[in-house]
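Structure file protein-v2.txt; described as compact mmCIF, N, CA and C atoms.
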# COMPACT_ATOMS: atom_id res chain seq x y z
N LEU A 23 96.33 143.23 153.17
CA LEU A 23 96.64 142.27 152.12
C LEU A 23 97.95 141.58 152.47
N TYR A 24 97.90 140.27 152.61
CA TYR A 24 99.08 139.52 152.99
C TYR A 24 99.80 138.86 151.83
N GLY A 25 99.21 138.81 150.67
CA GLY A 25 99.87 138.13 149.56
C GLY A 25 99.42 138.69 148.23
N THR A 26 100.18 138.39 147.20
CA THR A 26 99.83 138.79 145.85
C THR A 26 99.98 137.59 144.94
N LEU A 27 99.24 137.57 143.88
CA LEU A 27 99.31 136.51 142.89
C LEU A 27 99.34 137.14 141.52
N SER A 28 100.27 136.70 140.70
CA SER A 28 100.29 137.16 139.32
C SER A 28 100.46 135.95 138.42
N VAL A 29 99.82 135.98 137.28
CA VAL A 29 99.93 134.92 136.30
C VAL A 29 100.39 135.57 135.01
N ARG A 30 101.38 134.97 134.37
CA ARG A 30 101.89 135.55 133.13
C ARG A 30 102.49 134.45 132.26
N TRP A 31 102.60 134.75 130.99
CA TRP A 31 103.26 133.83 130.06
C TRP A 31 104.74 134.11 130.11
N VAL A 32 105.54 133.07 130.33
CA VAL A 32 106.98 133.21 130.26
C VAL A 32 107.44 132.79 128.87
N SER A 33 106.90 131.72 128.35
CA SER A 33 107.25 131.24 127.02
C SER A 33 106.07 131.47 126.09
N ARG A 34 106.34 132.03 124.96
CA ARG A 34 105.31 132.23 123.95
C ARG A 34 104.96 130.89 123.31
N PRO A 35 103.71 130.73 122.87
CA PRO A 35 103.34 129.46 122.21
C PRO A 35 104.25 129.17 121.02
N ARG A 36 104.79 127.96 120.99
CA ARG A 36 105.63 127.49 119.89
C ARG A 36 105.20 126.08 119.55
N ASP A 37 104.85 125.84 118.34
CA ASP A 37 104.52 124.49 117.89
C ASP A 37 103.55 123.80 118.85
N SER A 38 102.52 124.45 119.22
CA SER A 38 101.47 123.95 120.11
C SER A 38 101.97 123.67 121.54
N THR A 39 103.17 124.11 121.88
CA THR A 39 103.68 123.96 123.24
C THR A 39 103.85 125.34 123.85
N SER A 40 103.32 125.53 125.02
CA SER A 40 103.48 126.80 125.71
C SER A 40 103.55 126.55 127.21
N VAL A 41 104.05 127.52 127.92
CA VAL A 41 104.19 127.39 129.36
C VAL A 41 103.49 128.57 130.02
N CYS A 42 102.59 128.28 130.92
CA CYS A 42 101.94 129.32 131.71
C CYS A 42 102.43 129.15 133.14
N VAL A 43 102.88 130.22 133.74
CA VAL A 43 103.42 130.13 135.09
C VAL A 43 102.74 131.15 135.98
N ALA A 44 102.80 130.90 137.26
CA ALA A 44 102.25 131.84 138.23
C ALA A 44 103.24 131.98 139.38
N ASP A 45 103.21 133.13 140.02
CA ASP A 45 104.00 133.29 141.23
C ASP A 45 103.14 133.98 142.26
N THR A 46 103.48 133.73 143.50
CA THR A 46 102.73 134.34 144.59
C THR A 46 103.71 134.71 145.70
N ALA A 47 103.37 135.70 146.45
CA ALA A 47 104.18 136.10 147.59
C ALA A 47 103.26 136.27 148.80
N HIS A 48 103.67 135.73 149.90
CA HIS A 48 102.90 135.85 151.14
C HIS A 48 103.82 136.45 152.19
N GLN A 49 103.46 137.61 152.66
CA GLN A 49 104.30 138.36 153.59
C GLN A 49 104.28 137.80 155.00
N GLY A 50 103.20 137.31 155.44
CA GLY A 50 103.11 136.82 156.82
C GLY A 50 103.06 137.96 157.82
N LYS A 51 103.62 137.75 159.00
CA LYS A 51 103.52 138.73 160.08
C LYS A 51 104.65 139.74 160.11
N ARG A 52 105.66 139.57 159.27
CA ARG A 52 106.76 140.54 159.25
C ARG A 52 106.31 141.83 158.58
N PRO A 53 106.99 142.94 158.87
CA PRO A 53 106.57 144.22 158.29
C PRO A 53 106.80 144.31 156.78
N SER A 54 107.68 143.45 156.23
CA SER A 54 107.89 143.44 154.78
C SER A 54 108.29 142.04 154.35
N ASN A 55 108.14 141.78 153.07
CA ASN A 55 108.52 140.48 152.52
C ASN A 55 110.03 140.45 152.35
N GLU A 56 110.70 139.44 152.87
CA GLU A 56 112.15 139.35 152.82
C GLU A 56 112.64 138.42 151.71
N ASP A 57 111.74 137.88 150.94
CA ASP A 57 112.10 136.94 149.89
C ASP A 57 112.17 137.63 148.53
N ALA A 58 112.82 136.98 147.59
CA ALA A 58 112.87 137.45 146.21
C ALA A 58 112.78 136.23 145.30
N HIS A 59 112.40 136.47 144.07
CA HIS A 59 112.33 135.36 143.12
C HIS A 59 112.67 135.85 141.71
N VAL A 60 112.96 134.87 140.87
CA VAL A 60 113.22 135.11 139.45
C VAL A 60 112.35 134.16 138.67
N LEU A 61 111.71 134.66 137.65
CA LEU A 61 110.95 133.84 136.72
C LEU A 61 111.10 134.52 135.37
N GLU A 62 112.02 134.00 134.56
CA GLU A 62 112.42 134.73 133.36
C GLU A 62 112.79 133.76 132.24
N GLU A 63 112.44 134.11 131.03
CA GLU A 63 112.89 133.34 129.88
C GLU A 63 114.15 134.00 129.34
N ILE A 64 115.19 133.19 129.13
CA ILE A 64 116.46 133.72 128.62
C ILE A 64 116.86 132.94 127.37
N GLU A 65 117.74 133.55 126.60
CA GLU A 65 118.30 132.87 125.43
C GLU A 65 119.81 132.80 125.59
N VAL A 66 120.35 131.59 125.44
CA VAL A 66 121.78 131.36 125.54
C VAL A 66 122.20 130.52 124.35
N ARG A 67 123.13 131.04 123.57
CA ARG A 67 123.64 130.34 122.39
C ARG A 67 122.52 129.87 121.47
N GLY A 68 121.53 130.73 121.28
CA GLY A 68 120.44 130.45 120.36
C GLY A 68 119.33 129.56 120.87
N ARG A 69 119.39 129.12 122.13
CA ARG A 69 118.33 128.29 122.72
C ARG A 69 117.67 129.04 123.86
N LYS A 70 116.38 128.79 124.02
CA LYS A 70 115.62 129.46 125.08
C LYS A 70 115.47 128.54 126.28
N TYR A 71 115.59 129.15 127.48
CA TYR A 71 115.46 128.45 128.74
C TYR A 71 114.58 129.29 129.67
N THR A 72 113.83 128.63 130.52
CA THR A 72 113.07 129.32 131.54
C THR A 72 113.80 129.15 132.87
N VAL A 73 114.15 130.26 133.50
CA VAL A 73 114.85 130.24 134.78
C VAL A 73 113.85 130.58 135.87
N SER A 74 113.79 129.72 136.87
CA SER A 74 112.90 129.93 138.01
C SER A 74 113.70 129.70 139.28
N ALA A 75 113.69 130.66 140.18
CA ALA A 75 114.44 130.53 141.43
C ALA A 75 113.77 131.34 142.53
N VAL A 76 113.88 130.84 143.75
CA VAL A 76 113.37 131.54 144.92
C VAL A 76 114.53 131.75 145.88
N PHE A 77 114.64 132.96 146.40
CA PHE A 77 115.70 133.32 147.34
C PHE A 77 115.03 133.71 148.65
N ASP A 78 115.26 132.91 149.66
CA ASP A 78 114.57 133.04 150.94
C ASP A 78 115.37 133.97 151.86
N GLY A 79 114.78 135.09 152.20
CA GLY A 79 115.45 136.03 153.10
C GLY A 79 115.17 135.68 154.54
N HIS A 80 116.21 135.54 155.31
CA HIS A 80 116.07 135.26 156.74
C HIS A 80 116.65 136.44 157.51
N ALA A 81 115.84 137.07 158.32
CA ALA A 81 116.28 138.19 159.15
C ALA A 81 116.85 139.32 158.30
N GLY A 82 116.22 139.55 157.18
CA GLY A 82 116.63 140.64 156.29
C GLY A 82 116.50 140.25 154.84
N ASP A 83 116.39 141.25 153.99
CA ASP A 83 116.15 140.97 152.58
C ASP A 83 117.33 141.29 151.67
N SER A 84 118.44 141.74 152.20
CA SER A 84 119.57 142.20 151.38
C SER A 84 120.11 141.11 150.46
N ALA A 85 120.42 139.95 150.99
CA ALA A 85 120.99 138.87 150.17
C ALA A 85 119.97 138.37 149.15
N ALA A 86 118.72 138.19 149.59
CA ALA A 86 117.69 137.70 148.68
C ALA A 86 117.47 138.68 147.52
N LYS A 87 117.39 139.96 147.83
CA LYS A 87 117.21 140.96 146.77
C LYS A 87 118.39 140.99 145.81
N PHE A 88 119.61 140.91 146.35
CA PHE A 88 120.81 140.89 145.51
C PHE A 88 120.76 139.71 144.53
N CYS A 89 120.45 138.53 145.06
CA CYS A 89 120.37 137.35 144.20
C CYS A 89 119.26 137.49 143.16
N GLY A 90 118.12 138.00 143.57
CA GLY A 90 117.02 138.20 142.63
C GLY A 90 117.38 139.14 141.49
N GLU A 91 118.21 140.13 141.79
CA GLU A 91 118.59 141.12 140.78
C GLU A 91 119.74 140.66 139.89
N HIS A 92 120.60 139.75 140.38
CA HIS A 92 121.82 139.41 139.64
C HIS A 92 121.95 137.96 139.20
N PHE A 93 121.09 137.07 139.67
CA PHE A 93 121.24 135.64 139.41
C PHE A 93 121.24 135.29 137.93
N VAL A 94 120.31 135.81 137.18
CA VAL A 94 120.18 135.43 135.77
C VAL A 94 121.43 135.83 134.99
N GLU A 95 121.93 137.03 135.18
CA GLU A 95 123.13 137.46 134.46
C GLU A 95 124.34 136.62 134.88
N TYR A 96 124.45 136.29 136.15
CA TYR A 96 125.53 135.44 136.63
C TYR A 96 125.45 134.07 135.96
N LEU A 97 124.26 133.48 135.93
CA LEU A 97 124.07 132.16 135.35
C LEU A 97 124.44 132.17 133.87
N LYS A 98 124.01 133.18 133.14
CA LYS A 98 124.30 133.26 131.71
C LYS A 98 125.80 133.37 131.43
N ARG A 99 126.57 133.93 132.35
CA ARG A 99 128.02 134.08 132.16
C ARG A 99 128.80 132.81 132.46
N GLN A 100 128.17 131.82 133.08
CA GLN A 100 128.87 130.60 133.45
C GLN A 100 129.14 129.74 132.21
N GLU A 101 130.39 129.38 132.01
CA GLU A 101 130.79 128.57 130.86
C GLU A 101 130.06 127.23 130.84
N GLN A 102 129.76 126.68 132.01
CA GLN A 102 129.13 125.37 132.09
C GLN A 102 127.63 125.40 131.79
N PHE A 103 127.03 126.56 131.76
CA PHE A 103 125.59 126.65 131.50
C PHE A 103 125.35 126.72 130.01
N PRO A 104 124.46 125.95 129.46
CA PRO A 104 123.50 125.04 130.10
C PRO A 104 123.92 123.57 130.10
N SER A 105 125.10 123.26 129.58
CA SER A 105 125.47 121.84 129.44
C SER A 105 125.62 121.12 130.78
N ASN A 106 126.09 121.82 131.82
CA ASN A 106 126.25 121.19 133.13
C ASN A 106 125.74 122.17 134.19
N ILE A 107 124.46 122.12 134.42
CA ILE A 107 123.80 123.08 135.31
C ILE A 107 124.34 122.96 136.74
N GLU A 108 124.61 121.75 137.21
CA GLU A 108 125.12 121.57 138.58
C GLU A 108 126.42 122.33 138.77
N LYS A 109 127.35 122.21 137.82
CA LYS A 109 128.63 122.93 137.94
C LYS A 109 128.42 124.44 137.75
N ALA A 110 127.51 124.82 136.90
CA ALA A 110 127.25 126.25 136.67
C ALA A 110 126.74 126.93 137.92
N LEU A 111 126.05 126.19 138.77
CA LEU A 111 125.47 126.77 139.98
C LEU A 111 126.43 126.77 141.18
N LYS A 112 127.58 126.15 141.05
CA LYS A 112 128.54 126.13 142.17
C LYS A 112 129.36 127.38 142.21

The structure in this file should be written as structure tokens.
Amino acid sequence: LYGTLSVRWVSRPRDSTSVCVADTAHQGKRPSNEDAHVLEEIEVRGRKYTVSAVFDGHAGDSAAKFCGEHFVEYLKRQEQFPSNIEKALK
């Protein structure tokens, strides 16, 4: 098996609007997948946001896994988020 696919609801239906998302991972020829991703609904200051990010591991998975595990909490702590996403990500 070279890949996996999962489909899940990130946002619950609200006022006839809902979001269905899917993610997939393809390992390729390496012995393990070196990438990580985040697909999560968060609440900041009473508003809900969907965070989606992919962290591409090159020649190892340490940095990608670290980012996958810590990115959302880091983003939520940024004073500029969500009003200025570009500055929040610097």

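Restricting the calculation to only C-alpha atoms, the smallest distance between Asp83 (chain A) and any of A:Pro104, A:Asn55, A:Leu97, A:Val66 is found for A:Asn55.
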
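Between CA of Val73 (chain A) and CA of Gly90 (chain A) there is a distance of 11.4 Å.
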
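CA of Ser54 (chain A) is positioned 26.5 Å from CA of Tyr96 (chain A).
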
Please identify all polymer residues lying at most 12 Å from the point (115.1, 129.5, 127.4) (file coordinates), using only C-alpha atoms, and present the result as a ChimeraX atom specification.
/A:32-34,41,61-74,94,98,103-104

Take the residues just selected and output them with N, CA and C atoms as a short mmCIF file (atom, residue, chain, number, x, y, z; two decimals), in the frame of the given file.
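Once written, out26.cif looks like this:
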data_model
loop_
_atom_site.label_atom_id
_atom_site.label_comp_id
_atom_site.auth_asym_id
_atom_site.auth_seq_id
_atom_site.Cartn_x
_atom_site.Cartn_y
_atom_site.Cartn_z
N VAL A 32 105.54 133.07 130.33
CA VAL A 32 106.98 133.21 130.26
C VAL A 32 107.44 132.79 128.87
N SER A 33 106.90 131.72 128.35
CA SER A 33 107.25 131.24 127.02
C SER A 33 106.07 131.47 126.09
N ARG A 34 106.34 132.03 124.96
CA ARG A 34 105.31 132.23 123.95
C ARG A 34 104.96 130.89 123.31
N VAL A 41 104.05 127.52 127.92
CA VAL A 41 104.19 127.39 129.36
C VAL A 41 103.49 128.57 130.02
N LEU A 61 111.71 134.66 137.65
CA LEU A 61 110.95 133.84 136.72
C LEU A 61 111.10 134.52 135.37
N GLU A 62 112.02 134.00 134.56
CA GLU A 62 112.42 134.73 133.36
C GLU A 62 112.79 133.76 132.24
N GLU A 63 112.44 134.11 131.03
CA GLU A 63 112.89 133.34 129.88
C GLU A 63 114.15 134.00 129.34
N ILE A 64 115.19 133.19 129.13
CA ILE A 64 116.46 133.72 128.62
C ILE A 64 116.86 132.94 127.37
N GLU A 65 117.74 133.55 126.60
CA GLU A 65 118.30 132.87 125.43
C GLU A 65 119.81 132.80 125.59
N VAL A 66 120.35 131.59 125.44
CA VAL A 66 121.78 131.36 125.54
C VAL A 66 122.20 130.52 124.35
N ARG A 67 123.13 131.04 123.57
CA ARG A 67 123.64 130.34 122.39
C ARG A 67 122.52 129.87 121.47
N GLY A 68 121.53 130.73 121.28
CA GLY A 68 120.44 130.45 120.36
C GLY A 68 119.33 129.56 120.87
N ARG A 69 119.39 129.12 122.13
CA ARG A 69 118.33 128.29 122.72
C ARG A 69 117.67 129.04 123.86
N LYS A 70 116.38 128.79 124.02
CA LYS A 70 115.62 129.46 125.08
C LYS A 70 115.47 128.54 126.28
N TYR A 71 115.59 129.15 127.48
CA TYR A 71 115.46 128.45 128.74
C TYR A 71 114.58 129.29 129.67
N THR A 72 113.83 128.63 130.52
CA THR A 72 113.07 129.32 131.54
C THR A 72 113.80 129.15 132.87
N VAL A 73 114.15 130.26 133.50
CA VAL A 73 114.85 130.24 134.78
C VAL A 73 113.85 130.58 135.87
N SER A 74 113.79 129.72 136.87
CA SER A 74 112.90 129.93 138.01
C SER A 74 113.70 129.70 139.28
N VAL A 94 120.31 135.81 137.18
CA VAL A 94 120.18 135.43 135.77
C VAL A 94 121.43 135.83 134.99
N LYS A 98 124.01 133.18 133.14
CA LYS A 98 124.30 133.26 131.71
C LYS A 98 125.80 133.37 131.43
N PHE A 103 127.03 126.56 131.76
CA PHE A 103 125.59 126.65 131.50
C PHE A 103 125.35 126.72 130.01
N PRO A 104 124.46 125.95 129.46
CA PRO A 104 123.50 125.04 130.10
C PRO A 104 123.92 123.57 130.10
#

Have a look at CA of Phe77 (chain A) and CA of Ala58 (chain A) and let me know their distance in Å, one decimal.
5.1 Å

To box region 93-111 of chain A, take all atoms listed in the file, fit an axis-aligned box, add 6 Å on each side, and give centre and edge lengths in Å to one decimal, as lines of an AutoDock Vina configuration file.
center_x = 125.5
center_y = 129.3
center_z = 135.3
size_x = 22.6
size_y = 28.3
size_z = 23.7
